[in-house]
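What follows is target_38.cif (mmCIF, C-alpha atoms).
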```
data_coords
loop_
_atom_site.label_atom_id
_atom_site.label_comp_id
_atom_site.auth_asym_id
_atom_site.auth_seq_id
_atom_site.Cartn_x
_atom_site.Cartn_y
_atom_site.Cartn_z
CA MET A 1 -60.15 -137.22 -63.54
CA LEU A 2 -62.94 -138.19 -61.16
CA VAL A 3 -64.27 -141.74 -61.38
CA GLY A 4 -68.05 -141.93 -61.30
CA ALA A 5 -70.96 -144.27 -61.88
CA GLN A 6 -73.60 -143.99 -64.59
CA THR A 7 -76.90 -144.74 -62.82
CA PHE A 8 -78.36 -146.40 -65.92
CA THR A 9 -76.45 -149.44 -64.66
CA VAL A 10 -78.68 -149.56 -61.55
CA ARG A 11 -81.83 -148.20 -63.20
CA ASN A 12 -84.06 -150.81 -61.57
CA TYR A 13 -83.09 -149.37 -58.19
CA THR A 14 -83.61 -145.63 -58.83
CA GLN A 15 -87.33 -145.40 -59.53
CA ASN A 16 -88.42 -144.03 -56.17
CA GLU A 17 -86.79 -141.87 -53.54
CA ARG A 18 -86.21 -144.67 -51.03
CA ASP A 19 -84.44 -146.88 -53.56
CA PHE A 20 -82.51 -143.92 -54.99
CA TYR A 21 -81.22 -143.11 -51.50
CA GLU A 22 -80.01 -146.67 -50.91
CA SER A 23 -78.46 -146.87 -54.39
CA MET A 24 -76.49 -143.66 -53.96
CA LYS A 25 -75.27 -144.90 -50.57
CA ARG A 26 -74.04 -148.14 -52.13
CA ILE A 27 -72.35 -146.32 -55.01
CA ALA A 28 -70.57 -143.99 -52.57
CA ASP A 29 -69.56 -146.91 -50.35
CA ILE A 30 -67.82 -148.53 -53.35
CA GLY A 31 -65.69 -145.40 -53.61
CA TYR A 32 -67.19 -143.53 -56.56
CA GLU A 33 -66.81 -139.76 -56.37
CA CYS A 34 -69.48 -138.63 -58.79
CA VAL A 35 -72.51 -139.82 -60.75
CA GLN A 36 -74.29 -139.35 -64.01
CA LEU A 37 -78.03 -139.37 -63.37
CA SER A 38 -79.86 -141.39 -66.00
CA ALA A 39 -83.12 -143.39 -65.98
CA ILE A 40 -84.20 -141.86 -62.65
CA GLY A 41 -87.83 -142.19 -61.59
CA ASN A 42 -90.17 -139.34 -60.73
CA ILE A 43 -88.04 -137.92 -57.94
CA PRO A 44 -87.80 -134.13 -57.42
CA VAL A 45 -84.45 -132.72 -58.49
CA GLU A 46 -84.12 -131.11 -55.06
CA ALA A 47 -84.28 -134.56 -53.45
CA GLN A 48 -81.81 -135.99 -55.96
CA ARG A 49 -79.32 -133.24 -55.13
CA GLN A 50 -79.83 -133.55 -51.37
CA ILE A 51 -79.27 -137.31 -51.40
CA CYS A 52 -76.19 -137.10 -53.62
CA ASP A 53 -74.77 -134.34 -51.44
CA GLU A 54 -75.32 -136.47 -48.32
CA PHE A 55 -73.08 -139.17 -49.77
CA GLY A 56 -70.50 -136.84 -51.30
CA LEU A 57 -71.46 -137.64 -54.88
CA LYS A 58 -71.06 -134.80 -57.36
CA ILE A 59 -73.68 -134.83 -60.12
CA VAL A 60 -71.66 -134.23 -63.28
CA LEU A 61 -73.94 -135.25 -66.16
CA THR A 62 -77.53 -136.25 -66.88
CA HIS A 63 -79.55 -137.91 -69.56
CA THR A 64 -82.51 -135.61 -70.06
CA ASN A 65 -85.65 -135.86 -72.18
CA PRO A 66 -84.61 -134.37 -75.55
CA ASP A 67 -88.16 -133.20 -76.35
CA ARG A 68 -88.15 -131.13 -73.15
CA MET A 69 -84.83 -129.61 -74.17
CA ILE A 70 -86.54 -128.29 -77.29
CA THR A 71 -89.82 -127.17 -75.71
CA ASP A 72 -88.55 -126.00 -72.30
CA PRO A 73 -84.81 -125.37 -72.32
CA GLU A 74 -85.12 -122.79 -69.54
CA GLY A 75 -86.76 -125.36 -67.26
CA VAL A 76 -84.06 -127.90 -68.07
CA ILE A 77 -81.39 -125.33 -67.21
CA ARG A 78 -83.12 -124.48 -63.90
CA ASP A 79 -83.24 -128.16 -62.95
CA HIS A 80 -79.54 -128.51 -63.64
CA ASP A 81 -78.82 -125.43 -61.56
CA VAL A 82 -80.55 -127.24 -58.68
CA LEU A 83 -78.53 -130.39 -59.37
CA GLY A 84 -75.29 -128.38 -59.55
CA CYS A 85 -74.64 -130.01 -62.91
CA ASP A 86 -73.18 -128.31 -65.98
CA CYS A 87 -73.37 -131.16 -68.52
CA ILE A 88 -76.86 -131.73 -69.94
CA GLY A 89 -77.00 -134.89 -72.00
CA ILE A 90 -79.26 -136.93 -74.23
CA GLY A 91 -78.98 -140.69 -74.21
CA MET A 92 -79.60 -141.32 -77.88
CA MET A 93 -80.59 -139.63 -81.12
CA ALA A 94 -84.25 -140.28 -81.92
CA PRO A 95 -84.77 -142.72 -84.83
CA LYS A 96 -86.35 -139.99 -86.98
CA TYR A 97 -82.95 -138.26 -87.28
CA GLN A 98 -81.17 -141.43 -88.38
CA THR A 99 -82.03 -141.02 -92.06
CA ALA A 100 -80.57 -139.02 -94.93
CA GLU A 101 -83.86 -137.11 -95.20
CA TRP A 102 -83.93 -135.95 -91.56
CA VAL A 103 -80.39 -136.03 -90.18
CA ASP A 104 -79.87 -132.31 -90.87
CA GLN A 105 -82.91 -131.54 -88.73
CA PHE A 106 -81.03 -132.54 -85.59
CA ALA A 107 -78.88 -129.40 -85.61
CA LYS A 108 -81.89 -127.28 -86.55
CA ASP A 109 -83.79 -128.60 -83.54
CA PHE A 110 -81.00 -128.51 -80.96
CA THR A 111 -78.85 -125.49 -81.85
CA LEU A 112 -81.10 -123.00 -80.02
CA PRO A 113 -81.44 -125.11 -76.83
CA ALA A 114 -77.69 -125.77 -76.93
CA GLN A 115 -77.01 -122.04 -77.30
CA LYS A 116 -79.20 -121.28 -74.30
CA MET A 117 -77.34 -123.88 -72.27
CA HIS A 118 -74.02 -122.40 -73.37
CA ASP A 119 -75.16 -118.92 -72.39
CA ALA A 120 -76.08 -120.29 -68.94
CA GLY A 121 -72.60 -121.77 -68.47
CA LYS A 122 -73.62 -125.33 -69.35
CA ILE A 123 -73.06 -127.65 -72.29
CA PHE A 124 -75.30 -129.91 -74.33
CA MET A 125 -73.84 -133.43 -74.40
CA TYR A 126 -74.46 -136.11 -77.02
CA HIS A 127 -73.99 -139.79 -76.11
CA ASN A 128 -72.90 -141.98 -78.99
CA HIS A 129 -73.84 -145.54 -79.83
CA ASN A 130 -72.57 -147.41 -82.90
CA PHE A 131 -75.19 -146.29 -85.44
CA GLU A 132 -73.64 -142.83 -85.76
CA TRP A 133 -71.02 -144.45 -87.99
CA THR A 134 -73.72 -145.61 -90.40
CA ARG A 135 -73.22 -144.39 -93.95
CA LEU A 136 -76.59 -143.05 -95.05
CA ARG A 137 -78.20 -143.43 -98.46
CA ASP A 138 -76.67 -140.13 -99.59
CA GLY A 139 -73.18 -141.31 -98.62
CA ARG A 140 -72.78 -139.22 -95.46
CA ARG A 141 -72.09 -140.69 -92.02
CA ILE A 142 -74.22 -139.47 -89.12
CA ILE A 143 -71.14 -138.76 -86.98
CA ASP A 144 -69.68 -136.48 -89.66
CA VAL A 145 -72.94 -134.55 -89.98
CA LEU A 146 -73.02 -134.00 -86.21
CA LEU A 147 -69.43 -132.79 -86.11
CA GLU A 148 -69.93 -130.44 -89.05
CA GLN A 149 -73.24 -128.95 -87.95
CA MET A 150 -72.86 -128.75 -84.14
CA PRO A 151 -69.74 -126.78 -83.15
CA ALA A 152 -67.69 -127.85 -80.15
CA GLU A 153 -68.76 -124.90 -78.03
CA LEU A 154 -72.40 -125.96 -78.39
CA MET A 155 -72.17 -129.74 -78.21
CA GLY A 156 -69.87 -132.10 -76.40
CA PHE A 157 -69.74 -135.87 -76.70
CA THR A 158 -70.15 -138.40 -73.94
CA LEU A 159 -67.81 -140.80 -75.66
CA ASP A 160 -68.81 -144.43 -75.09
CA THR A 161 -65.94 -146.89 -75.41
CA TYR A 162 -68.11 -150.00 -75.89
CA TRP A 163 -70.16 -148.51 -78.71
CA LEU A 164 -67.04 -147.23 -80.46
CA GLN A 165 -65.72 -150.77 -80.40
CA ALA A 166 -69.10 -152.06 -81.63
CA ALA A 167 -68.89 -149.63 -84.56
CA GLY A 168 -65.54 -151.11 -85.56
CA CYS A 169 -63.73 -147.91 -84.63
CA ASP A 170 -60.26 -147.29 -83.26
CA VAL A 171 -61.13 -146.07 -79.75
CA ILE A 172 -57.86 -144.19 -79.28
CA HIS A 173 -58.23 -142.44 -82.64
CA TRP A 174 -61.66 -141.11 -81.69
CA ILE A 175 -60.53 -140.05 -78.24
CA GLU A 176 -57.78 -138.01 -79.89
CA LYS A 177 -60.08 -136.68 -82.61
CA LEU A 178 -62.76 -135.56 -80.15
CA GLN A 179 -60.47 -134.56 -77.29
CA ASP A 180 -61.86 -131.01 -77.12
CA ARG A 181 -65.44 -132.31 -76.90
CA ILE A 182 -65.22 -135.05 -74.28
CA PRO A 183 -65.37 -133.73 -70.69
CA CYS A 184 -67.20 -136.99 -69.89
CA VAL A 185 -66.34 -140.50 -71.08
CA HIS A 186 -68.31 -143.70 -70.54
CA LEU A 187 -65.99 -146.51 -69.53
CA LYS A 188 -67.68 -149.67 -70.77
CA ASP A 189 -65.98 -152.94 -71.66
CA MET A 190 -66.82 -155.56 -74.28
CA ALA A 191 -66.33 -159.29 -73.76
CA VAL A 192 -66.99 -162.03 -76.30
CA GLN A 193 -68.84 -165.27 -75.71
CA GLY A 194 -68.79 -167.41 -78.81
CA TRP A 195 -70.11 -165.24 -81.63
CA ASP A 196 -71.73 -162.68 -79.35
CA ALA A 197 -70.44 -159.44 -77.83
CA HIS A 198 -71.36 -158.85 -74.19
CA PHE A 199 -71.13 -155.93 -71.78
CA ALA A 200 -68.53 -156.55 -69.08
CA PRO A 201 -67.07 -154.82 -66.02
CA VAL A 202 -64.24 -152.49 -66.99
CA GLY A 203 -61.01 -154.47 -67.24
CA GLU A 204 -62.74 -157.81 -67.72
CA GLY A 205 -63.36 -157.56 -71.46
CA ASN A 206 -61.19 -156.98 -74.50
CA LEU A 207 -60.80 -153.20 -74.65
CA ASP A 208 -57.31 -151.91 -73.87
CA PHE A 209 -58.26 -149.80 -70.87
CA PRO A 210 -54.71 -149.13 -69.64
CA LYS A 211 -54.03 -147.49 -73.01
CA ILE A 212 -57.43 -145.75 -73.09
CA LEU A 213 -56.99 -144.30 -69.62
CA HIS A 214 -53.38 -143.29 -70.29
CA THR A 215 -54.46 -141.47 -73.45
CA LEU A 216 -57.24 -139.61 -71.62
CA LYS A 217 -54.87 -138.61 -68.83
CA THR A 218 -52.17 -137.50 -71.26
CA LEU A 219 -54.55 -135.36 -73.31
CA GLY A 220 -55.88 -133.80 -70.11
CA LYS A 221 -59.24 -132.75 -71.51
CA THR A 222 -61.57 -135.25 -69.79
CA LYS A 223 -62.85 -134.49 -66.29
CA TYR A 224 -65.13 -137.43 -65.54
CA LEU A 225 -64.75 -141.16 -66.13
CA LEU A 226 -68.21 -142.69 -65.83
CA VAL A 227 -68.55 -146.45 -65.47
CA GLU A 228 -71.56 -148.00 -67.14
CA GLN A 229 -72.71 -151.56 -67.81
CA ASP A 230 -75.93 -151.75 -69.81
CA ASP A 231 -76.62 -155.40 -68.96
CA CYS A 232 -75.20 -157.39 -66.06
CA TYR A 233 -76.77 -160.67 -67.21
CA GLY A 234 -78.21 -161.60 -63.84
CA ASP A 235 -75.27 -160.42 -61.72
CA SER A 236 -75.80 -157.64 -59.22
CA PRO A 237 -75.24 -154.30 -60.97
CA PHE A 238 -73.72 -152.96 -57.76
CA ALA A 239 -71.26 -155.86 -57.72
CA CYS A 240 -70.39 -155.15 -61.36
CA LEU A 241 -69.83 -151.47 -60.56
CA GLU A 242 -67.56 -152.49 -57.69
CA ARG A 243 -65.51 -154.83 -59.90
CA SER A 244 -65.10 -152.06 -62.47
CA TYR A 245 -64.07 -149.58 -59.78
CA LYS A 246 -61.46 -151.91 -58.29
CA ASN A 247 -60.05 -152.73 -61.72
CA ILE A 248 -59.74 -149.04 -62.63
CA ARG A 249 -57.96 -148.33 -59.35
CA LYS A 250 -55.58 -151.25 -59.99
CA MET A 251 -54.70 -149.58 -63.29
CA GLY A 252 -53.67 -146.51 -61.29
CA TYR A 253 -56.66 -144.23 -61.91
#
```

Since I need it in another form, could you write the structure as structure tokens?
Amino acid sequence: MLVGAQTFTVRNYTQNERDFYESMKRIADIGYECVQLSAIGNIPVEAQRQICDEFGLKIVLTHTNPDRMITDPEGVIRDHDVLGCDCIGIGMMAPKYQTAEWVDQFAKDFTLPAQKMHDAGKIFMYHNHNFEWTRLRDGRRIIDVLLEQMPAELMGFTLDTYWLQAAGCDVIHWIEKLQDRIPCVHLKDMAVQGWDAHFAPVGEGNLDFPKILHTLKTLGKTKYLLVEQDDCYGDSPFACLERSYKNIRKMGY
């Protein structure tokens, strides 16, 4: 499994080409081998690829505008060909789908784009938060609808450890349940301060990452471990990424 950085962590430093260049250099200097590109500014995909190549960073996943996936899937696929990236992700389900009345529309909207991605040798990736475990007015949970209506060959999951914990889920159970759908996993820790949950560098919160990483390695289905910290609470996001990286390496991964 390659250890990579999710650029959403450093999103304030990826909004122009100059900053993107410096950010990728710093990420590579930490030791990361790959990146997920998310929350990138208006930078041509050719430049993104060239810069990542310069620093030996493989682009393994993106977060891409879901509306463009629907209206221009061919263009999305072409961009990912340029990036050398096979996993095409969305960051979050739009609020309109998060209701009993509209949840079935998600598969109707994304099956055709996902099929085109599949035919091009790529895969549509869905990133979970905690709301997918909401039980809707009609008694169904969003996560169950997604699993039933979007087959594994058309949709993978970027499994997010923090948001599983926030949903009150057994992280190991869901890793095992979704093992055939999770080429990419977000490593994200949760710490507690008083009554409040906080994002934390991997290994500095309360998730059992030695067990999580051992399970992923044993199952052998996940290719990319992507470190993300949504909020660094005033600390340098690069310093937080470095702490996570060192902690993961200390665990033997």

Which residues of segment 42-83 of chain A have any atom within 12 Å of an atom in segment 29-35 of chain A when counting only C-alpha atoms, and what is the closest pair of atoms for each, with the distance in Å to one decimal? Order the rows by chain and rising number and write it as a Markdown table.
```
| residue | atom | partner | partner_atom | distance |
| --- | --- | --- | --- | --- |
| A:Gln48 | CA | A:Val35 | CA | 11.1 |
| A:Arg49 | CA | A:Val35 | CA | 11.0 |
| A:Ile51 | CA | A:Val35 | CA | 11.8 |
| A:Cys52 | CA | A:Val35 | CA | 8.5 |
| A:Asp53 | CA | A:Cys34 | CA | 10.0 |
| A:Phe55 | CA | A:Asp29 | CA | 8.5 |
| A:Gly56 | CA | A:Glu33 | CA | 6.9 |
| A:Leu57 | CA | A:Cys34 | CA | 4.5 |
| A:Lys58 | CA | A:Cys34 | CA | 4.4 |
| A:Ile59 | CA | A:Val35 | CA | 5.2 |
| A:Val60 | CA | A:Val35 | CA | 6.2 |
| A:Leu61 | CA | A:Val35 | CA | 7.2 |
| A:Thr62 | CA | A:Val35 | CA | 8.7 |
| A:His63 | CA | A:Val35 | CA | 11.4 |
| A:Leu83 | CA | A:Val35 | CA | 11.3 |
```

Could you give me, as a ChimeraX atom specification, the residues within 12 Å of Asp235 of chain A, counting all atoms listed in the file and dropping anything in the same chain fewer than 4 positions from it? /A:9-10,199-201,229-231,239-243

Which residues of segment 126-210 of chain A sit at most 12 Å from segment 36-42 of chain A, using all atoms listed in the file? Give each one's shortest atom pair and distance in Å (one decimal place), in chain and ascending residue order, as a Markdown table.
```
| residue | atom | partner | partner_atom | distance |
| --- | --- | --- | --- | --- |
| A:His127 | CA | A:Ser38 | CA | 11.8 |
| A:Thr158 | CA | A:Gln36 | CA | 10.8 |
| A:Cys184 | CA | A:Gln36 | CA | 9.5 |
| A:Val185 | CA | A:Gln36 | CA | 10.7 |
| A:His186 | CA | A:Gln36 | CA | 9.9 |
```

Exercise: residues within 10 Å of coordinate (-77.4, -145.1, -75.7), counting only C-alpha atoms, as number ranges by chain: A: 8, 63, 90-93, 126-130, 160, 163, 230

Taking 5 positions as the minimum chain separation for residues in the same chain, which residues sit within 7 Å of segment 206-214 of chain A when counting only C-alpha atoms? Answer as an MDAnalysis selection string. chainID A and resid 172 189:191 251

Enter the distance from atom CA of Pro151 of chain A to atom CA of Val45 of chain A, in Å, rounded to one decimal. 29.3 Å

So how far away is atom CA of Gly194 of chain A from atom CA of Tyr245 of chain A, in Å?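 Separation between atom CA of Tyr245 of chain A and atom CA of Gly194 of chain A: 26.5 Å.
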